[in-house]
file target-v3.cif (mmCIF, C-alpha atoms and all ligand atoms)
data_coords
#
loop_
_atom_site.label_atom_id
_atom_site.label_comp_id
_atom_site.auth_asym_id
_atom_site.auth_seq_id
_atom_site.Cartn_x
_atom_site.Cartn_y
_atom_site.Cartn_z
CA MET O 1 -40.05 -95.69 -44.67
CA GLU O 2 -43.76 -96.37 -44.39
CA LEU O 3 -46.22 -93.52 -43.94
CA PHE O 4 -49.23 -93.90 -41.66
CA ILE O 5 -52.02 -91.36 -41.09
CA ASP O 6 -52.49 -90.34 -37.46
CA THR O 7 -56.22 -89.57 -37.35
CA ALA O 8 -59.68 -91.08 -36.92
CA ASP O 9 -61.20 -88.63 -39.42
CA ILE O 10 -62.75 -90.84 -42.12
CA THR O 11 -62.98 -88.03 -44.70
CA GLU O 12 -59.28 -87.24 -44.37
CA ILE O 13 -58.32 -90.91 -44.44
CA LYS O 14 -60.30 -91.43 -47.67
CA ARG O 15 -58.79 -88.32 -49.25
CA LEU O 16 -55.18 -89.20 -48.47
CA ASN O 17 -55.54 -92.92 -49.09
CA SER O 18 -56.68 -92.16 -52.64
CA LEU O 19 -53.20 -90.73 -53.32
CA GLY O 20 -51.72 -94.22 -53.00
CA ILE O 21 -48.94 -93.38 -50.54
CA ILE O 22 -50.55 -94.42 -47.24
CA ASP O 23 -49.43 -97.68 -45.60
CA GLY O 24 -51.51 -97.68 -42.41
CA VAL O 25 -53.37 -95.69 -39.76
CA THR O 26 -52.90 -94.91 -36.07
CA THR O 27 -55.63 -93.73 -33.74
CA ASN O 28 -55.74 -92.89 -30.06
CA PRO O 29 -58.56 -92.01 -27.62
CA SER O 30 -58.07 -88.26 -28.18
CA LEU O 31 -58.37 -88.68 -31.96
CA VAL O 32 -61.50 -90.83 -31.54
CA LEU O 33 -62.98 -88.12 -29.33
CA LYS O 34 -62.37 -85.58 -32.13
CA ALA O 35 -64.05 -87.88 -34.67
CA GLY O 36 -67.18 -87.94 -32.47
CA LYS O 37 -68.30 -91.40 -33.62
CA ASN O 38 -68.60 -94.91 -32.21
CA PHE O 39 -65.07 -96.26 -31.62
CA LYS O 40 -65.50 -99.76 -33.05
CA GLU O 41 -67.42 -98.44 -36.07
CA VAL O 42 -64.66 -95.92 -36.77
CA VAL O 43 -62.01 -98.66 -36.63
CA ARG O 44 -64.12 -100.86 -38.93
CA ASP O 45 -64.61 -98.01 -41.39
CA ILE O 46 -60.90 -97.20 -41.43
CA CYS O 47 -60.02 -100.86 -42.09
CA GLN O 48 -62.36 -100.84 -45.07
CA ILE O 49 -60.56 -97.86 -46.57
CA VAL O 50 -56.88 -98.53 -45.88
CA ASP O 51 -55.35 -101.91 -46.66
CA GLY O 52 -52.71 -101.86 -43.94
CA PRO O 53 -52.17 -101.93 -40.18
CA VAL O 54 -54.71 -99.90 -38.17
CA SER O 55 -53.80 -99.22 -34.54
CA ALA O 56 -56.69 -99.19 -32.06
CA GLU O 57 -55.90 -98.44 -28.43
CA VAL O 58 -57.03 -100.27 -25.31
CA VAL O 59 -58.23 -98.05 -22.47
CA ALA O 60 -58.07 -100.57 -19.64
CA THR O 61 -55.03 -100.02 -17.46
CA ASP O 62 -54.88 -103.49 -15.87
CA TYR O 63 -53.52 -106.61 -17.56
CA ASP O 64 -56.80 -108.59 -17.63
CA GLY O 65 -58.74 -105.61 -18.98
CA MET O 66 -56.15 -104.98 -21.71
CA ILE O 67 -56.30 -108.62 -22.80
CA ARG O 68 -60.11 -108.56 -22.91
CA GLU O 69 -60.21 -105.30 -24.90
CA GLY O 70 -57.42 -106.34 -27.26
CA GLN O 71 -59.16 -109.63 -28.03
CA GLU O 72 -62.34 -107.70 -28.90
CA LEU O 73 -60.49 -105.14 -31.04
CA VAL O 74 -58.81 -107.76 -33.22
CA LYS O 75 -62.24 -109.24 -34.00
CA ILE O 76 -63.09 -106.03 -35.87
CA HIS O 77 -60.70 -106.71 -38.76
CA LYS O 78 -57.58 -108.75 -39.53
CA ASN O 79 -55.52 -105.54 -39.91
CA VAL O 80 -56.20 -104.24 -36.40
CA VAL O 81 -53.06 -103.71 -34.31
CA VAL O 82 -53.68 -103.50 -30.56
CA LYS O 83 -52.20 -100.30 -29.18
CA VAL O 84 -51.09 -100.68 -25.58
CA PRO O 85 -49.59 -98.07 -23.24
CA MET O 86 -46.04 -98.37 -21.94
CA THR O 87 -46.70 -99.63 -18.41
CA PRO O 88 -45.74 -102.87 -16.62
CA ASP O 89 -49.25 -104.26 -17.25
CA GLY O 90 -49.03 -103.03 -20.85
CA ILE O 91 -45.71 -104.80 -21.44
CA ARG O 92 -47.12 -107.97 -19.90
CA ALA O 93 -50.15 -107.70 -22.22
CA ILE O 94 -47.88 -107.17 -25.24
CA LYS O 95 -45.98 -110.32 -24.30
CA TYR O 96 -49.29 -112.20 -24.17
CA PHE O 97 -50.53 -110.77 -27.48
CA SER O 98 -47.25 -111.42 -29.30
CA SER O 99 -47.18 -115.03 -28.12
CA HIS O 100 -50.73 -115.42 -29.48
CA GLY O 101 -49.95 -113.95 -32.90
CA ILE O 102 -51.68 -110.61 -32.22
CA LYS O 103 -49.89 -107.51 -33.50
CA THR O 104 -49.21 -104.71 -31.03
CA ASN O 105 -48.12 -101.08 -30.95
CA CYS O 106 -46.59 -99.92 -27.67
CA THR O 107 -47.56 -96.27 -27.25
CA LEU O 108 -46.41 -93.34 -25.11
CA VAL O 109 -42.74 -94.27 -25.34
CA PHE O 110 -40.31 -91.55 -24.27
CA SER O 111 -37.02 -93.35 -23.59
CA ALA O 112 -34.73 -95.95 -25.16
CA ASN O 113 -35.10 -98.11 -22.03
CA GLN O 114 -38.87 -98.21 -22.54
CA ALA O 115 -38.30 -99.14 -26.18
CA LEU O 116 -35.96 -101.94 -25.08
CA LEU O 117 -38.75 -103.39 -22.91
CA CYS O 118 -41.22 -103.16 -25.84
CA ALA O 119 -38.85 -105.13 -28.06
CA LYS O 120 -38.19 -107.75 -25.36
CA ALA O 121 -41.95 -108.25 -25.00
CA GLY O 122 -42.22 -108.79 -28.76
CA ALA O 123 -44.12 -105.63 -29.74
CA THR O 124 -44.71 -105.30 -33.47
CA TYR O 125 -44.29 -101.51 -33.25
CA VAL O 126 -42.86 -99.08 -30.73
CA SER O 127 -44.23 -95.52 -30.80
CA PRO O 128 -41.72 -92.92 -29.61
CA PHE O 129 -43.47 -89.52 -29.30
CA ILE O 130 -41.04 -87.05 -30.86
CA GLY O 131 -43.12 -83.86 -30.69
CA ARG O 132 -44.07 -84.23 -27.06
CA LEU O 133 -40.35 -84.51 -26.15
CA ASP O 134 -39.63 -81.37 -28.19
CA ASP O 135 -42.49 -79.69 -26.28
CA ILE O 136 -40.64 -80.15 -22.97
CA GLY O 137 -37.35 -78.87 -24.35
CA GLN O 138 -35.76 -82.19 -25.26
CA THR O 139 -34.79 -83.32 -28.76
CA GLY O 140 -37.32 -85.94 -29.81
CA MET O 141 -35.25 -87.04 -32.78
CA ASP O 142 -32.41 -88.14 -30.47
CA LEU O 143 -34.76 -90.81 -29.17
CA ILE O 144 -35.32 -92.20 -32.67
CA ASP O 145 -31.55 -92.44 -33.16
CA GLU O 146 -31.07 -94.13 -29.79
CA ILE O 147 -33.80 -96.71 -30.39
CA ARG O 148 -32.47 -97.43 -33.89
CA THR O 149 -29.03 -98.14 -32.38
CA VAL O 150 -30.41 -100.33 -29.59
CA TYR O 151 -32.60 -102.36 -31.95
CA ASP O 152 -29.81 -102.78 -34.52
CA ASN O 153 -27.33 -103.82 -31.81
CA TYR O 154 -29.50 -106.81 -30.91
CA ASP O 155 -31.36 -107.35 -34.17
CA PHE O 156 -34.73 -106.68 -32.51
CA GLN O 157 -37.54 -106.95 -35.06
CA THR O 158 -39.88 -104.41 -33.40
CA GLN O 159 -40.53 -101.61 -35.89
CA ILE O 160 -39.91 -97.99 -34.93
CA LEU O 161 -43.13 -96.07 -35.56
CA ALA O 162 -42.24 -92.42 -35.06
CA ALA O 163 -45.25 -90.62 -33.56
CA SER O 164 -46.24 -87.15 -32.39
CA ILE O 165 -44.88 -85.66 -35.59
CA ARG O 166 -45.31 -81.90 -35.74
CA HIS O 167 -43.70 -80.73 -39.00
CA PRO O 168 -42.36 -82.04 -42.32
CA ASP O 169 -38.76 -81.82 -41.11
CA HIS O 170 -39.57 -84.48 -38.50
CA VAL O 171 -40.59 -86.78 -41.36
CA LYS O 172 -37.34 -86.15 -43.24
CA GLN O 173 -35.27 -86.67 -40.09
CA CYS O 174 -37.12 -89.92 -39.34
CA ALA O 175 -36.35 -91.23 -42.82
CA ILE O 176 -32.68 -90.27 -42.46
CA SER O 177 -32.49 -91.90 -39.02
CA GLY O 178 -33.99 -95.14 -40.27
CA ALA O 179 -37.38 -95.12 -38.55
CA ASP O 180 -39.51 -97.87 -40.07
CA VAL O 181 -42.71 -95.80 -40.06
CA ALA O 182 -43.74 -92.19 -39.49
CA THR O 183 -47.35 -91.60 -38.49
CA CYS O 184 -48.46 -88.09 -39.43
CA PRO O 185 -51.54 -85.92 -39.00
CA PRO O 186 -53.18 -85.22 -42.40
CA ALA O 187 -51.92 -81.62 -42.47
CA ILE O 188 -48.31 -82.81 -42.27
CA ILE O 189 -48.80 -85.28 -45.12
CA ASP O 190 -50.22 -82.42 -47.21
CA GLN O 191 -47.12 -80.36 -46.47
CA LEU O 192 -44.79 -83.13 -47.67
CA PHE O 193 -45.92 -82.40 -51.24
CA LYS O 194 -45.12 -78.73 -51.11
CA HIS O 195 -42.16 -76.72 -52.35
CA ALA O 196 -42.26 -73.12 -53.59
CA LEU O 197 -40.00 -74.01 -56.54
CA THR O 198 -42.42 -76.77 -57.60
CA ASP O 199 -45.30 -74.27 -57.69
CA SER O 200 -43.39 -71.54 -59.54
CA GLY O 201 -41.76 -74.07 -61.90
CA LEU O 202 -45.11 -75.60 -62.81
CA GLN O 203 -46.62 -72.17 -63.40
CA LYS O 204 -43.77 -71.27 -65.79
CA PHE O 205 -44.17 -74.54 -67.72
CA LEU O 206 -47.92 -73.97 -68.07
CA ASP O 207 -47.43 -70.34 -69.14
CA ASP O 208 -44.88 -71.35 -71.78
CA TRP O 209 -47.12 -74.15 -72.97
CA LYS O 210 -49.89 -71.66 -73.73
CA LYS O 211 -47.46 -69.73 -75.98
CA ILE O 212 -47.07 -72.73 -78.31
CA PRO O 213 -49.54 -72.49 -81.23
CA GLU O 214 -52.61 -74.58 -80.49
CA GLU O 215 -52.14 -76.96 -83.44
CA LEU O 216 -48.62 -77.77 -82.20
CA ARG O 217 -49.55 -78.54 -78.60
CA ARG O 218 -52.47 -80.95 -78.90
CA ILE O 219 -51.99 -84.08 -76.66
CA VAL O 220 -55.40 -85.75 -76.75
C1 LIG H 1 -49.42 -91.89 -32.16
O1 LIG H 1 -49.82 -93.01 -32.36
C2 LIG H 1 -50.20 -90.86 -31.47
O2 LIG H 1 -51.54 -91.06 -31.82
C3 LIG H 1 -49.86 -89.45 -31.89
O3 LIG H 1 -48.82 -89.42 -32.82
C4 LIG H 1 -49.72 -88.49 -30.77
O4 LIG H 1 -49.42 -87.23 -31.29
P1 LIG H 1 -49.61 -85.87 -30.46
O5 LIG H 1 -48.46 -85.76 -29.52
O6 LIG H 1 -49.57 -84.80 -31.50
O7 LIG H 1 -50.93 -85.98 -29.74
#
call {"tool": "encode", "arguments": {"input": "target-v3.cif", "output": "structure tokens"}}
result
Amino acid sequence: MELFIDTADITEIKRLNSLGIIDGVTTNPSLVLKAGKNFKEVVRDICQIVDGPVSAEVVATDYDGMIREGQELVKIHKNVVVKVPMTPDGIRAIKYFSSHGIKTNCTLVFSANQALLCAKAGATYVSPFIGRLDDIGQTGMDLIDEIRTVYDNYDFQTQILAASIRHPDHVKQCAISGADVATCPPAIIDQLFKHALTDSGLQKFLDDWKKIPEELRRIV
């Protein structure tokens, strides 16, 4: 499963990208607001850091506006993926983009039927929002399972990009369910590294190491 960072925070993107485990980035208007910088400059900066797909969202809600914005966004960098909301105009725009070789990410997907429409339109990615379904008392992970089944039934090539991830267990469940990508806020990626037994085990190794006479433990 690929791991994307879900942020427009350049410092965090640089920090996590340097670990070598990041495959791409997703942004949305709320994340750009938090970053407090010029949208197109942020997208350009991100593309210069991460060598992978970078989703940038259109804000027009009509078909013509989405096409105009998407065409501008892809001029920023070859790795830009046009993020389009799950609406009839959005699906129509995705169909247009996919038939013109432009990669797309259909966002704000909350049902398997919506995901079916994304795949039929030729979306590169579908973004089911797991956490927001959990927030309203549903089980977000069920949606990942349903979409996986639908896509496998018909051999749809649209990739499942699990979004709105709230805790490390979501990441594990996505990997078990066969999501293609999980996009995570930086704090969740940090948590993936952690286990209490790793910390205590490392401490014990280091303590024991110090007990070995110095002349017997030289490495460099
Ligand atoms: C995905 O592309 C979205 O940007 C994001 O995952 C939404 O997450 P949220 O529900 O935590 O805002």
call {"tool": "atom_distance", "arguments": {"input": "target-v3.cif", "atom1": "atom CA of O:Phe4", "atom2": "atom CA of O:Leu143"}}
result
19.4 Å
call {"tool": "axis_aligned_box", "arguments": {"input": "target-v3.cif", "around": "ligand LIG 1 (chain H)", "padding_each_side": "3 Å", "output": "JSON"}}
result
{"center_x": -50.0, "center_y": -88.9, "center_z": -31.2, "size_x": 9.1, "size_y": 14.2, "size_z": 9.3}
call {"tool": "closest_atom_pairs", "arguments": {"input": "target-v3.cif", "of": "chain O", "to": "ligand LIG 1 (chain H)", "cutoff": "9 Å", "atoms": "all atoms listed in the file", "output": "CSV"}}
result
residue,atom,partner,partner_atom,distance
O:Asp6,CA,H:LIG1,O2,5.8
O:Thr7,CA,H:LIG1,O2,7.4
O:Val25,CA,H:LIG1,O1,8.6
O:Thr26,CA,H:LIG1,O1,5.2
O:Thr27,CA,H:LIG1,O2,5.2
O:Asn28,CA,H:LIG1,O2,4.9
O:Pro29,CA,H:LIG1,O2,8.2
O:Ser30,CA,H:LIG1,O7,7.7
O:Leu31,CA,H:LIG1,O2,7.2
O:Ser55,CA,H:LIG1,O1,7.7
O:Lys83,CA,H:LIG1,O1,8.3
O:Asn105,CA,H:LIG1,O1,8.4
O:Cys106,CA,H:LIG1,O1,9.0
O:Thr107,CA,H:LIG1,O1,6.5
O:Leu108,CA,H:LIG1,C1,7.8
O:Ser127,CA,H:LIG1,O1,6.3
O:Pro128,CA,H:LIG1,C1,8.2
O:Phe129,CA,H:LIG1,O5,6.3
O:Ile130,CA,H:LIG1,O5,7.6
O:Gly131,CA,H:LIG1,O5,5.8
O:Arg132,CA,H:LIG1,O5,5.3
O:Leu133,CA,H:LIG1,O5,8.9
O:Leu161,CA,H:LIG1,O1,8.0
O:Ala162,CA,H:LIG1,O3,7.6
O:Ala163,CA,H:LIG1,O3,3.8
O:Ser164,CA,H:LIG1,O4,3.4
O:Ile165,CA,H:LIG1,O3,6.1
O:Arg166,CA,H:LIG1,O6,6.7
O:Ala182,CA,H:LIG1,O3,8.8
O:Thr183,CA,H:LIG1,O3,6.2
O:Cys184,CA,H:LIG1,O3,6.8
O:Pro185,CA,H:LIG1,O3,7.6
call {"tool": "atom_distance", "arguments": {"input": "target-v3.cif", "atom1": "atom CA of O:Asn17", "atom2": "atom CA of O:Ile147"}}
result
28.9 Å
call {"tool": "closest_residue", "arguments": {"input": "target-v3.cif", "among": "O:Leu73, O:Cys118, O:Ile189, O:Met141", "to": "O:Leu16", "atoms": "only C-alpha atoms"}}
result
O:Ile189
call {"tool": "closest_residue", "arguments": {"input": "target-v3.cif", "among": "O:Lys120, O:Lys14, O:Lys103, O:Arg92", "to": "O:Ala56", "atoms": "all atoms listed in the file"}}
result
O:Lys103
call {"tool": "atom_distance", "arguments": {"input": "target-v3.cif", "atom1": "atom CA of O:Ala119", "atom2": "atom CA of O:Phe156"}}
result
6.3 Å
call {"tool": "closest_residue", "arguments": {"input": "target-v3.cif", "among": "O:Ala8, O:Met66, O:Asp152, O:Val81", "to": "O:Ala123", "atoms": "all atoms listed in the file"}}
result
O:Val81
call {"tool": "closest_residue", "arguments": {"input": "target-v3.cif", "among": "O:Lys95, O:Lys204, O:His195, O:Arg15", "to": "O:Ile49", "atoms": "only C-alpha atoms"}}
result
O:Arg15
call {"tool": "closest_residue", "arguments": {"input": "target-v3.cif", "among": "O:Ile67, O:Ala60, O:Val43, O:Asp134", "to": "O:His100", "atoms": "all atoms listed in the file"}}
result
O:Ile67
call {"tool": "residues_around", "arguments": {"input": "target-v3.cif", "residues": "O:Leu19", "least_positions_apart": "6", "cutoff": "12 Å", "atoms": "all atoms listed in the file", "output": "ChimeraX atom specification"}}
result
/O:12-13,50,189-190,193
call {"tool": "residues_around", "arguments": {"input": "target-v3.cif", "residues": "O:Asp23", "least_positions_apart": "2", "cutoff": "7 Å", "atoms": "all atoms listed in the file", "output": "list in words"}}
result
Glu2, Leu3, Phe4, Ile21 and Gly52 of chain O
